[in-house]
file input.pdb (PDB, C-alpha atoms)
ATOM      1  CA  MET A   1     -18.521 -24.168 -12.505
ATOM      2  CA  ILE A   2     -18.623 -20.420 -11.913
ATOM      3  CA  LEU A   3     -15.072 -20.402 -10.494
ATOM      4  CA  GLY A   4     -13.876 -22.383 -13.478
ATOM      5  CA  MET A   5     -15.326 -19.804 -15.856
ATOM      6  CA  PHE A   6     -13.689 -17.030 -13.828
ATOM      7  CA  ASP A   7     -10.287 -18.780 -13.945
ATOM      8  CA  GLU A   8     -10.608 -19.308 -17.705
ATOM      9  CA  ALA A   9     -11.261 -15.597 -18.208
ATOM     10  CA  ILE A  10      -8.215 -14.654 -16.089
ATOM     11  CA  ALA A  11      -6.021 -17.150 -17.963
ATOM     12  CA  ALA A  12      -7.158 -15.568 -21.234
ATOM     13  CA  GLY A  13      -5.918 -12.177 -20.021
ATOM     14  CA  ALA A  14      -9.066 -10.572 -18.614
ATOM     15  CA  PRO A  15      -8.582  -8.246 -15.591
ATOM     16  CA  ARG A  16      -9.909  -9.740 -12.363
ATOM     17  CA  HIS A  17     -12.266  -6.884 -11.539
ATOM     18  CA  GLU A  18     -13.707  -6.853 -15.080
ATOM     19  CA  ALA A  19     -14.274 -10.615 -15.051
ATOM     20  CA  SER A  20     -16.026 -10.433 -11.688
ATOM     21  CA  LYS A  21     -18.169  -7.565 -12.939
ATOM     22  CA  VAL A  22     -19.275  -9.560 -16.012
ATOM     23  CA  ILE A  23     -20.408 -12.568 -13.978
ATOM     24  CA  GLY A  24     -22.025 -10.262 -11.404
ATOM     25  CA  ILE A  25     -20.097 -11.459  -8.362
ATOM     26  CA  SER A  26     -17.661  -9.411  -6.260
ATOM     27  CA  MET A  27     -14.020 -10.427  -5.822
ATOM     28  CA  ARG A  28     -14.551 -10.922  -2.085
ATOM     29  CA  THR A  29     -17.385 -13.378  -2.733
ATOM     30  CA  LEU A  30     -15.294 -15.341  -5.220
ATOM     31  CA  GLN A  31     -12.405 -15.555  -2.756
ATOM     32  CA  ARG A  32     -14.765 -16.722   0.013
ATOM     33  CA  TRP A  33     -16.202 -19.447  -2.224
ATOM     34  CA  ARG A  34     -12.714 -20.593  -3.167
ATOM     35  CA  CYS A  35     -11.754 -20.847   0.509
ATOM     36  CA  LYS A  36     -14.813 -23.016   1.189
ATOM     37  CA  GLY A  37     -14.260 -25.168  -1.893
ATOM     38  CA  ILE A  38     -17.464 -24.000  -3.598
ATOM     39  CA  ALA A  39     -17.338 -24.379  -7.365
ATOM     40  CA  ASP A  40     -20.948 -23.693  -8.340
ATOM     41  CA  ASP A  41     -22.919 -20.476  -8.062
ATOM     42  CA  ASN A  42     -23.776 -20.323  -4.368
ATOM     43  CA  ARG A  43     -26.133 -17.352  -4.561
ATOM     44  CA  SER A  44     -29.650 -18.126  -3.370
ATOM     45  CA  GLY A  45     -31.145 -14.915  -4.745
ATOM     46  CA  PRO A  46     -34.210 -13.096  -3.414
ATOM     47  CA  LYS A  47     -37.232 -15.369  -2.921
ATOM     48  CA  THR A  48     -39.755 -12.531  -2.782
ATOM     49  CA  THR A  49     -39.966  -8.981  -4.061
ATOM     50  CA  PRO A  50     -38.850  -6.539  -1.340
ATOM     51  CA  ARG A  51     -41.805  -4.691   0.189
ATOM     52  CA  ASN A  52     -39.980  -1.369  -0.042
ATOM     53  CA  LYS A  53     -39.182  -1.657  -3.754
ATOM     54  CA  LEU A  54     -40.200   1.388  -5.774
ATOM     55  CA  SER A  55     -43.021   0.891  -8.198
ATOM     56  CA  ALA A  56     -42.618   1.887 -11.825
ATOM     57  CA  ALA A  57     -44.878   4.905 -11.246
ATOM     58  CA  GLU A  58     -42.845   6.063  -8.232
ATOM     59  CA  ARG A  59     -39.616   5.696 -10.169
ATOM     60  CA  LYS A  60     -40.986   7.761 -13.069
ATOM     61  CA  ARG A  61     -42.176  10.443 -10.672
ATOM     62  CA  ILE A  62     -38.698  10.701  -9.058
ATOM     63  CA  LEU A  63     -37.049  10.973 -12.473
ATOM     64  CA  ARG A  64     -39.581  13.584 -13.547
ATOM     65  CA  VAL A  65     -38.789  15.710 -10.489
ATOM     66  CA  LEU A  66     -35.020  15.289 -10.795
ATOM     67  CA  THR A  67     -35.077  16.329 -14.471
ATOM     68  CA  SER A  68     -37.502  19.204 -13.961
ATOM     69  CA  LYS A  69     -36.404  22.761 -14.643
ATOM     70  CA  GLU A  70     -36.407  23.477 -10.901
ATOM     71  CA  PHE A  71     -34.111  20.623  -9.876
ATOM     72  CA  ARG A  72     -32.150  19.504 -12.944
ATOM     73  CA  ASP A  73     -29.091  21.541 -11.939
ATOM     74  CA  HIS A  74     -29.057  20.249  -8.351
ATOM     75  CA  PRO A  75     -27.734  16.973  -6.938
ATOM     76  CA  PRO A  76     -29.989  14.799  -4.753
ATOM     77  CA  SER A  77     -28.240  16.184  -1.653
ATOM     78  CA  GLN A  78     -29.771  19.557  -2.562
ATOM     79  CA  VAL A  79     -33.049  18.232  -3.954
ATOM     80  CA  VAL A  80     -34.118  16.356  -0.806
ATOM     81  CA  PRO A  81     -33.996  19.335   1.604
ATOM     82  CA  ARG A  82     -35.642  21.617  -0.980
ATOM     83  CA  LEU A  83     -38.503  19.147  -1.346
ATOM     84  CA  ALA A  84     -38.757  18.944   2.436
ATOM     85  CA  ASP A  85     -39.167  22.721   2.538
ATOM     86  CA  GLN A  86     -42.095  22.242   0.168
ATOM     87  CA  GLU A  87     -43.492  19.555   2.529
ATOM     88  CA  LYS A  88     -42.767  16.787   0.027
ATOM     89  CA  TYR A  89     -40.930  13.485   0.338
ATOM     90  CA  LEU A  90     -40.234  11.229  -2.638
ATOM     91  CA  ALA A  91     -37.237   9.106  -1.667
ATOM     92  CA  SER A  92     -33.927   9.225   0.173
ATOM     93  CA  GLU A  93     -30.782  10.770  -1.290
ATOM     94  CA  SER A  94     -29.192   7.356  -1.781
ATOM     95  CA  THR A  95     -32.237   6.125  -3.690
ATOM     96  CA  MET A  96     -32.169   9.168  -5.958
ATOM     97  CA  TYR A  97     -28.454   8.706  -6.613
ATOM     98  CA  ARG A  98     -29.008   5.029  -7.372
ATOM     99  CA  ILE A  99     -31.752   5.796  -9.876
ATOM    100  CA  LEU A 100     -29.615   8.428 -11.592
ATOM    101  CA  HIS A 101     -26.702   5.983 -11.836
ATOM    102  CA  GLU A 102     -28.944   3.273 -13.275
ATOM    103  CA  GLU A 103     -30.292   5.700 -15.856
ATOM    104  CA  LYS A 104     -26.725   6.889 -16.642
ATOM    105  CA  MET A 105     -27.706  10.432 -15.731
ATOM    106  CA  GLN A 106     -25.183  10.965 -12.913
ATOM    107  CA  LYS A 107     -22.354  12.823 -14.618
ATOM    108  CA  HIS A 108     -19.501  14.962 -13.344
ATOM    109  CA  ARG A 109     -20.557  18.541 -14.132
ATOM    110  CA  GLU A 110     -18.340  20.651 -11.892
ATOM    111  CA  PRO A 111     -15.446  22.701 -13.318
ATOM    112  CA  THR A 112     -13.012  20.559 -11.290
ATOM    113  CA  ARG A 113     -11.291  17.529 -12.742
ATOM    114  CA  GLU A 114     -13.422  14.414 -12.772
ATOM    115  CA  PRO A 115     -12.408  11.844 -10.124
ATOM    116  CA  ARG A 116     -10.235   9.080 -11.507
ATOM    117  CA  LYS A 117      -9.889   5.545 -10.265
ATOM    118  CA  ARG A 118      -6.317   4.780  -9.267
ATOM    119  CA  SER A 119      -5.163   1.213  -9.703
ATOM    120  CA  ARG A 120      -2.958  -0.278  -7.019
ATOM    121  CA  PRO A 121       0.794  -0.308  -7.696
ATOM    122  CA  ARG A 122       2.271  -3.324  -9.379
ATOM    123  CA  GLU A 123       3.557  -6.019  -7.038
ATOM    124  CA  ARG A 124       7.337  -5.963  -6.562
ATOM    125  CA  VAL A 125       9.169  -9.052  -5.281
ATOM    126  CA  ALA A 126      12.691  -9.000  -3.829
ATOM    127  CA  VAL A 127      14.619 -12.263  -3.353
ATOM    128  CA  ALA A 128      18.013 -10.631  -2.795
ATOM    129  CA  PRO A 129      19.442  -7.250  -1.783
ATOM    130  CA  ASN A 130      19.424  -4.306  -4.214
ATOM    131  CA  GLN A 131      16.399  -5.471  -6.172
ATOM    132  CA  VAL A 132      13.684  -3.300  -4.612
ATOM    133  CA  TRP A 133      14.316  -0.068  -2.704
ATOM    134  CA  SER A 134      11.834   2.211  -1.015
ATOM    135  CA  TRP A 135      12.391   5.831  -0.085
ATOM    136  CA  ASP A 136      10.590   8.777   1.438
ATOM    137  CA  ILE A 137      11.084  12.156   3.113
ATOM    138  CA  SER A 138      10.033  13.076   6.647
ATOM    139  CA  TYR A 139       9.975  16.282   8.672
ATOM    140  CA  MET A 140      12.320  17.029  11.577
ATOM    141  CA  ARG A 141      11.557  20.081  13.690
ATOM    142  CA  ALA A 142      14.010  22.966  13.331
ATOM    143  CA  PRO A 143      14.753  25.551  16.059
ATOM    144  CA  VAL A 144      12.633  28.165  14.277
ATOM    145  CA  ARG A 145       8.901  27.638  14.767
ATOM    146  CA  GLY A 146       7.196  26.575  11.546
ATOM    147  CA  MET A 147      10.463  25.534   9.855
ATOM    148  CA  PHE A 148      11.718  21.991   9.388
ATOM    149  CA  PHE A 149      14.697  19.926   8.335
ATOM    150  CA  TYR A 150      14.001  17.155   5.819
ATOM    151  CA  LEU A 151      15.134  13.588   6.408
ATOM    152  CA  TYR A 152      15.703  11.518   3.260
ATOM    153  CA  ILE A 153      15.982   7.734   3.755
ATOM    154  CA  VAL A 154      16.383   4.975   1.165
ATOM    155  CA  ILE A 155      15.796   1.449   2.462
ATOM    156  CA  ASP A 156      16.398  -1.937   0.845
ATOM    157  CA  VAL A 157      13.086  -3.812   1.045
ATOM    158  CA  PHE A 158      14.688  -7.271   1.176
ATOM    159  CA  SER A 159      17.222  -6.627   3.942
ATOM    160  CA  ARG A 160      15.658  -3.497   5.540
ATOM    161  CA  LYS A 161      19.113  -1.916   5.409
ATOM    162  CA  ILE A 162      19.282   1.869   5.088
ATOM    163  CA  VAL A 163      21.390   2.237   1.952
ATOM    164  CA  ALA A 164      21.262   6.043   1.785
ATOM    165  CA  HIS A 165      20.199   8.892   4.030
ATOM    166  CA  GLY A 166      20.612  12.606   4.487
ATOM    167  CA  VAL A 167      19.186  15.611   6.314
ATOM    168  CA  PHE A 168      18.691  18.782   4.266
ATOM    169  CA  GLU A 169      17.126  22.212   4.607
ATOM    170  CA  SER A 170      14.681  21.665   1.747
ATOM    171  CA  GLU A 171      13.046  18.891  -0.243
ATOM    172  CA  CYS A 172      13.689  18.840  -3.962
ATOM    173  CA  GLY A 173      14.228  16.450  -6.820
ATOM    174  CA  GLU A 174      17.859  17.464  -7.364
ATOM    175  CA  THR A 175      18.815  16.451  -3.827
ATOM    176  CA  ALA A 176      16.962  13.160  -4.160
ATOM    177  CA  ALA A 177      18.621  12.444  -7.515
ATOM    178  CA  ASP A 178      22.107  12.977  -6.065
ATOM    179  CA  LEU A 179      21.316  10.764  -3.059
ATOM    180  CA  ILE A 180      19.925   7.921  -5.188
ATOM    181  CA  ALA A 181      22.831   8.094  -7.634
ATOM    182  CA  GLU A 182      25.329   7.945  -4.779
ATOM    183  CA  ALA A 183      23.507   4.956  -3.251
ATOM    184  CA  CYS A 184      23.444   3.051  -6.545
ATOM    185  CA  ASP A 185      27.171   3.657  -6.985
ATOM    186  CA  GLY A 186      27.932   2.574  -3.422
ATOM    187  CA  GLN A 187      25.877  -0.624  -3.734
ATOM    188  CA  GLY A 188      27.158  -1.475  -7.206
ATOM    189  CA  VAL A 189      23.688  -1.459  -8.756
ATOM    190  CA  LYS A 190      23.662  -2.366 -12.456
ATOM    191  CA  ARG A 191      21.230  -1.323 -15.158
ATOM    192  CA  ASP A 192      17.759  -2.896 -15.036
ATOM    193  CA  GLN A 193      18.534  -4.435 -11.647
ATOM    194  CA  LEU A 194      16.669  -2.140  -9.292
ATOM    195  CA  VAL A 195      13.093  -0.947  -8.703
ATOM    196  CA  LEU A 196      12.780   2.260  -6.682
ATOM    197  CA  HIS A 197       9.422   2.789  -4.987
ATOM    198  CA  SER A 198       8.134   5.994  -3.394
ATOM    199  CA  ASP A 199       4.979   7.958  -2.754
ATOM    200  CA  ASN A 200       3.584  10.708  -5.013
ATOM    201  CA  GLY A 201       5.363  13.718  -3.513
ATOM    202  CA  SER A 202       6.694  16.419  -5.820
ATOM    203  CA  PRO A 203      10.389  15.476  -5.304
ATOM    204  CA  MET A 204       9.535  11.870  -6.221
ATOM    205  CA  LYS A 205       7.995  12.980  -9.542
ATOM    206  CA  SER A 206      10.545  15.642 -10.470
ATOM    207  CA  SER A 207      12.001  15.629 -13.957
ATOM    208  CA  THR A 208      15.544  15.706 -12.537
ATOM    209  CA  LEU A 209      15.017  12.516 -10.558
ATOM    210  CA  LEU A 210      13.277  10.824 -13.484
ATOM    211  CA  ALA A 211      16.189  11.672 -15.799
ATOM    212  CA  THR A 212      18.665  10.332 -13.237
ATOM    213  CA  LEU A 213      16.759   7.065 -12.836
ATOM    214  CA  ASP A 214      16.579   6.646 -16.608
ATOM    215  CA  ALA A 215      20.334   7.199 -16.873
ATOM    216  CA  LEU A 216      20.987   4.651 -14.119
ATOM    217  CA  GLY A 217      18.559   2.103 -15.573
ATOM    218  CA  VAL A 218      16.408   2.126 -12.419
ATOM    219  CA  THR A 219      12.689   1.369 -12.703
ATOM    220  CA  ARG A 220      10.446   3.850 -10.899
ATOM    221  CA  SER A 221       7.375   2.752  -8.941
ATOM    222  CA  LEU A 222       4.859   5.135  -7.359
ATOM    223  CA  SER A 223       2.177   4.780  -4.706
ATOM    224  CA  ARG A 224      -1.383   5.901  -5.249
ATOM    225  CA  PRO A 225      -2.025   9.496  -4.191
ATOM    226  CA  ARG A 226      -2.683   9.810  -0.457
ATOM    227  CA  VAL A 227      -2.413   6.045   0.167
ATOM    228  CA  SER A 228       0.353   5.557   2.727
ATOM    229  CA  ASN A 229      -0.151   1.770   2.786
ATOM    230  CA  ASP A 230       1.401   1.567  -0.679
ATOM    231  CA  ASN A 231       4.784   2.508   0.807
ATOM    232  CA  PRO A 232       4.735   0.534   4.083
ATOM    233  CA  TYR A 233       8.437  -0.107   4.613
ATOM    234  CA  SER A 234       9.421   3.550   4.546
ATOM    235  CA  GLU A 235       6.431   4.542   6.663
ATOM    236  CA  SER A 236       7.315   1.897   9.254
ATOM    237  CA  LEU A 237      10.947   3.011   9.291
ATOM    238  CA  PHE A 238       9.996   6.621   9.981
ATOM    239  CA  GLY A 239       7.817   5.343  12.813
ATOM    240  CA  THR A 240      10.910   3.675  14.282
ATOM    241  CA  VAL A 241      12.874   6.900  13.868
ATOM    242  CA  LYS A 242      10.329   9.098  15.631
ATOM    243  CA  THR A 243       9.735   6.679  18.531
ATOM    244  CA  ARG A 244      13.371   6.147  19.515
ATOM    245  CA  PRO A 245      13.829   6.990  23.230
ATOM    246  CA  ASN A 246      16.537   9.554  22.444
ATOM    247  CA  TYR A 247      14.593  11.300  19.686
ATOM    248  CA  PRO A 248      14.245  14.953  20.770
ATOM    249  CA  THR A 249      10.839  15.852  22.172
ATOM    250  CA  GLY A 250      11.375  19.397  20.941
ATOM    251  CA  ALA A 251      13.298  20.734  17.989
ATOM    252  CA  PHE A 252      16.829  19.937  16.857
ATOM    253  CA  ALA A 253      19.244  22.709  17.795
ATOM    254  CA  SER A 254      20.742  22.915  14.313
ATOM    255  CA  LEU A 255      21.121  21.110  11.002
ATOM    256  CA  ALA A 256      24.438  19.681  12.209
ATOM    257  CA  ALA A 257      22.739  18.309  15.342
ATOM    258  CA  ALA A 258      20.021  16.655  13.260
ATOM    259  CA  ARG A 259      22.591  15.068  10.956
ATOM    260  CA  LEU A 260      24.616  13.761  13.891
ATOM    261  CA  TRP A 261      21.528  12.185  15.464
ATOM    262  CA  VAL A 262      20.554  10.515  12.181
ATOM    263  CA  GLU A 263      24.085   9.154  11.679
ATOM    264  CA  LYS A 264      23.947   7.480  15.096
ATOM    265  CA  PHE A 265      20.456   6.130  14.410
ATOM    266  CA  VAL A 266      21.439   4.633  11.053
ATOM    267  CA  ARG A 267      24.491   2.969  12.602
ATOM    268  CA  TRP A 268      22.332   1.457  15.347
ATOM    269  CA  TYR A 269      19.550   0.435  12.981
ATOM    270  CA  ASN A 270      21.796  -1.268  10.429
ATOM    271  CA  THR A 271      24.260  -2.999  12.747
ATOM    272  CA  GLU A 272      22.586  -3.470  16.157
ATOM    273  CA  HIS A 273      18.820  -3.516  15.736
ATOM    274  CA  ARG A 274      17.329  -7.026  15.465
ATOM    275  CA  HIS A 275      14.512  -6.487  12.986
ATOM    276  CA  SER A 276      11.300  -8.452  13.642
ATOM    277  CA  GLY A 277      10.442  -8.618   9.928
ATOM    278  CA  ILE A 278      13.618 -10.551   9.023
ATOM    279  CA  ARG A 279      13.749 -13.120  11.863
ATOM    280  CA  PHE A 280      15.440 -10.765  14.323
ATOM    281  CA  VAL A 281      18.766 -10.376  12.574
ATOM    282  CA  THR A 282      20.270  -6.994  11.810
ATOM    283  CA  PRO A 283      19.706  -5.439   8.382
ATOM    284  CA  GLU A 284      23.467  -5.503   7.783
ATOM    285  CA  GLN A 285      23.642  -9.246   8.512
ATOM    286  CA  ARG A 286      20.798  -9.962   6.075
ATOM    287  CA  HIS A 287      22.190  -7.622   3.438
ATOM    288  CA  SER A 288      25.564  -9.372   3.517
ATOM    289  CA  GLY A 289      24.133 -12.897   3.780
ATOM    290  CA  GLU A 290      25.468 -13.576   7.273
ATOM    291  CA  ASP A 291      21.932 -14.262   8.471
ATOM    292  CA  VAL A 292      21.922 -17.694   6.777
ATOM    293  CA  ALA A 293      24.482 -19.130   9.201
ATOM    294  CA  ILE A 294      23.030 -17.231  12.161
ATOM    295  CA  LEU A 295      19.518 -18.600  11.634
ATOM    296  CA  LYS A 296      20.788 -22.163  11.139
ATOM    297  CA  LYS A 297      22.702 -21.897  14.391
ATOM    298  CA  ARG A 298      19.592 -20.664  16.229
ATOM    299  CA  THR A 299      17.603 -23.617  14.892
ATOM    300  CA  LYS A 300      20.228 -26.070  16.190
ATOM    301  CA  VAL A 301      20.184 -24.372  19.603
ATOM    302  CA  TYR A 302      16.420 -24.785  19.882
ATOM    303  CA  GLU A 303      16.437 -28.353  18.617
ATOM    304  CA  HIS A 304      19.115 -29.238  21.173
ATOM    305  CA  ALA A 305      17.117 -27.569  23.956
ATOM    306  CA  ARG A 306      14.017 -29.527  22.993
ATOM    307  CA  LYS A 307      15.973 -32.762  22.881
ATOM    308  CA  CYS A 308      17.364 -32.168  26.360
ATOM    309  CA  ARG A 309      14.008 -31.285  27.966
ATOM    310  CA  PRO A 310      11.214 -32.599  25.689
ATOM    311  CA  GLU A 311       8.612 -32.300  28.472
ATOM    312  CA  ARG A 312       8.823 -28.518  28.187
ATOM    313  CA  TRP A 313       7.873 -28.495  24.507
ATOM    314  CA  THR A 314       4.279 -29.084  23.487
ATOM    315  CA  GLY A 315       4.900 -28.434  19.784
ATOM    316  CA  GLY A 316       7.675 -27.769  17.344
ATOM    317  CA  VAL A 317      10.598 -25.429  17.912
ATOM    318  CA  ARG A 318      10.426 -21.767  17.022
ATOM    319  CA  ILE A 319      10.716 -21.114  13.295
ATOM    320  CA  TRP A 320      14.075 -19.540  12.486
ATOM    321  CA  SER A 321      14.051 -20.315   8.747
ATOM    322  CA  ARG A 322      15.151 -17.498   6.460
ATOM    323  CA  ILE A 323      12.499 -15.372   4.752
ATOM    324  CA  GLU A 324      13.465 -15.910   1.123
ATOM    325  CA  GLU A 325      11.290 -13.269  -0.529
ATOM    326  CA  VAL A 326       9.715  -9.968   0.405
ATOM    327  CA  ARG A 327       6.724  -8.542  -1.469
ATOM    328  CA  LEU A 328       5.924  -4.871  -1.824
ATOM    329  CA  ASN A 329       2.231  -4.206  -2.536
ATOM    330  CA  PRO A 330       1.446  -7.916  -2.942
ATOM    331  CA  GLU A 331      -1.402  -8.946  -5.188
ATOM    332  CA  PRO A 332      -4.393 -10.413  -3.312
ATOM    333  CA  ARG A 333      -4.259 -14.182  -3.474
ATOM    334  CA  PRO A 334      -7.237 -16.500  -3.054
ATOM    335  CA  CYS A 335      -7.141 -18.915  -0.140
ATOM    336  CA  GLU A 336      -5.779 -22.355  -0.794
ATOM    337  CA  VAL A 337      -8.119 -25.105   0.298
ATOM    338  CA  ALA A 338      -6.349 -27.745   2.347
ATOM    339  CA  GLN A 339      -6.267 -31.158   0.710
ATOM    340  CA  VAL A 340      -7.729 -33.802   3.024
TER     341      VAL A 340
END

call {"tool": "encode", "arguments": {"input": "input.pdb", "output": "structure tokens"}}
result
Amino acid sequence: MILGMFDEAIAAGAPRHEASKVIGISMRTLQRWRCKGIADDNRSGPKTTPRNKLSAAERKRILRVLTSKEFRDHPPSQVVPRLADQEKYLASESTMYRILHEEKMQKHREPTREPRKRSRPRERVAVAPNQVWSWDISYMRAPVRGMFFYLYIVIDVFSRKIVAHGVFESECGETAADLIAEACDGQGVKRDQLVLHSDNGSPMKSSTLLATLDALGVTRSLSRPRVSNDNPYSESLFGTVKTRPNYPTGAFASLAAARLWVEKFVRWYNTEHRHSGIRFVTPEQRHSGEDVAILKKRTKVYEHARKCRPERWTGGVRIWSRIEEVRLNPEPRPCEVAQV
């Protein structure tokens, strides 16, 4: 019953978190109930009043102290130790904060900007190359201590192919705009075909890059501030770059040396590296569609091997089927209950 009401609210256009807030149940609890096939309200609720619950008199006393002239300009983190200095104890900091929140008296009063809740980026789904790209910038140590070269890499989320790269002496929106424009031209990207995702760095939000993307008809997508998980494909790629056996343990001798190393890496990554996320084919093979025949051939090889020596196989053959879609920042999906 409760899950049905929740689904009706979502179908009518209500946000998931707002609907869960109205019915008083967290999203995690709703997902757990759905996994277990529970349709009714499964909450048992408290059977007795907690022994440590504040009485009405105690609550009023705490509010009276918090709103007094002595403490009204201090948060509970400052009130508690000051009361302790006076040999007094009323409640813990968390209890004071909870009471203030319940009374709607906990407001942002500092001169800094009030904290804002950042919603997760919209889910992006790629079912073919050149639909969703991800890009980022990483540091490469220069010969002068404290100075760096900047590695720009644009990766196709569907095929994992590096479609654009460059090493520069600075990071700026103009450089990024030129690199993206060149990549779109090289890949034959048409208007309204591509989504370009990145983090919240200043080059990613520059007016020059934004104007270029608008002119190209490319949709921009941004991660939440300081949330690296929102841009996982680029972060993972840079991890591969920095952990290559031939990556210099010290600094690159020059900008030319850094560019030469990156050129060799990109050639290896695109044409030789069997990527685990795309059934161990190379990004170039997946980008061009060659992986379809390759994966079918692998399946036949395994089926033939199983047929020849069935006693060595306790289950099915290894799955070599093609991954048809890749999701960037996927929306959380409730578990599907198996039909018996």

call {"tool": "residues_near_point", "arguments": {"input": "input.pdb", "point": "(-34.8, 8.5, -6.9)", "cutoff": "8 Å", "atoms": "all atoms listed in the file", "output": "list in words"}}
result
Arg59, Ile62, Leu63, Leu66, Leu90, Ala91, Ser92, Glu93, Ser94, Thr95, Met96, Tyr97, Arg98, Ile99 and Leu100 of chain A

call {"tool": "resolve_selection", "arguments": {"input": "input.pdb", "expression": "the PyMOL selection byres ((chain A and resi 139-143) around 9)", "output": "list in words"}}
result
Ile137, Ser138, Val144, Arg145, Gly146, Met147, Phe148, Phe149, Tyr150, Leu151, Val167, Gly250, Ala251, Phe252, Ala253, Ser254, Leu255 and Ala258 of chain A

call {"tool": "closest_residue", "arguments": {"input": "input.pdb", "among": "A:Phe158, A:Ile323, A:Lys88, A:Gly24", "to": "Arg124 of chain A", "atoms": "all atoms listed in the file"}}
result
A:Phe158

call {"tool": "resolve_selection", "arguments": {"input": "input.pdb", "expression": "the PyMOL selection byres ((chain A and resi 232) around 12)", "output": "PyMOL selection string"}}
result
chain A and resi 133-136+155+157+160+197-199+223+227-231+233-239+327-330

call {"tool": "atom_distance", "arguments": {"input": "input.pdb", "atom1": "atom CA of Arg312 of chain A", "atom2": "atom CA of Lys296 of chain A"}}
result
21.8 Å

call {"tool": "residues_around", "arguments": {"input": "input.pdb", "residues": "Asn200 of chain A", "least_positions_apart": "5", "cutoff": "9 Å", "atoms": "all atoms listed in the file", "output": "PyMOL selection string"}}
result
chain A and resi 205+222-226

call {"tool": "closest_residue", "arguments": {"input": "input.pdb", "among": "A:Ser170, A:Asp291, A:Trp261, A:Arg72", "to": "Lys242 of chain A", "atoms": "only C-alpha atoms"}}
result
A:Trp261

call {"tool": "atom_distance", "arguments": {"input": "input.pdb", "atom1": "atom CA of Arg259 of chain A", "atom2": "atom CA of Glu169 of chain A"}}
result
11.0 Å

call {"tool": "residues_around", "arguments": {"input": "input.pdb", "residues": "segment 175-192 of chain A", "least_positions_apart": "2", "cutoff": "8 Å", "atoms": "only C-alpha atoms", "output": "PyMOL selection string"}}
result
chain A and resi 130+152+154+163-166+171-173+194+203-204+208-209+212-213+216-219

call {"tool": "atom_distance", "arguments": {"input": "input.pdb", "atom1": "atom CA of Arg306 of chain A", "atom2": "atom CA of Phe280 of chain A"}}
result
20.7 Å

call {"tool": "closest_residue", "arguments": {"input": "input.pdb", "among": "A:Gln78, A:Asn270, A:Phe265, A:Asp73", "to": "Met105 of chain A", "atoms": "all atoms listed in the file"}}
result
A:Asp73

call {"tool": "resolve_selection", "arguments": {"input": "input.pdb", "expression": "the PyMOL selection byres ((chain A and resi 27) around 12)", "output": "ChimeraX atom specification"}}
result
/A:3,6,15-26,28-34,332-334

call {"tool": "closest_residue", "arguments": {"input": "input.pdb", "among": "A:Ile10, A:Lys264, A:Gly37, A:Val195", "to": "Glu123 of chain A", "atoms": "all atoms listed in the file"}}
result
A:Val195

call {"tool": "axis_aligned_box", "arguments": {"input": "input.pdb", "around": "segment 254-262 of chain A", "padding_each_side": "6 Å", "output": "lines of an AutoDock Vina configuration file"}}
result
center_x = 22.3
center_y = 16.7
center_z = 13.2
size_x = 16.6
size_y = 24.4
size_z = 16.5

call {"tool": "closest_residue", "arguments": {"input": "input.pdb", "among": "A:Arg43, A:Lys307, A:Lys161, A:Arg64", "to": "Glu272 of chain A", "atoms": "all atoms listed in the file"}}
result
A:Lys161
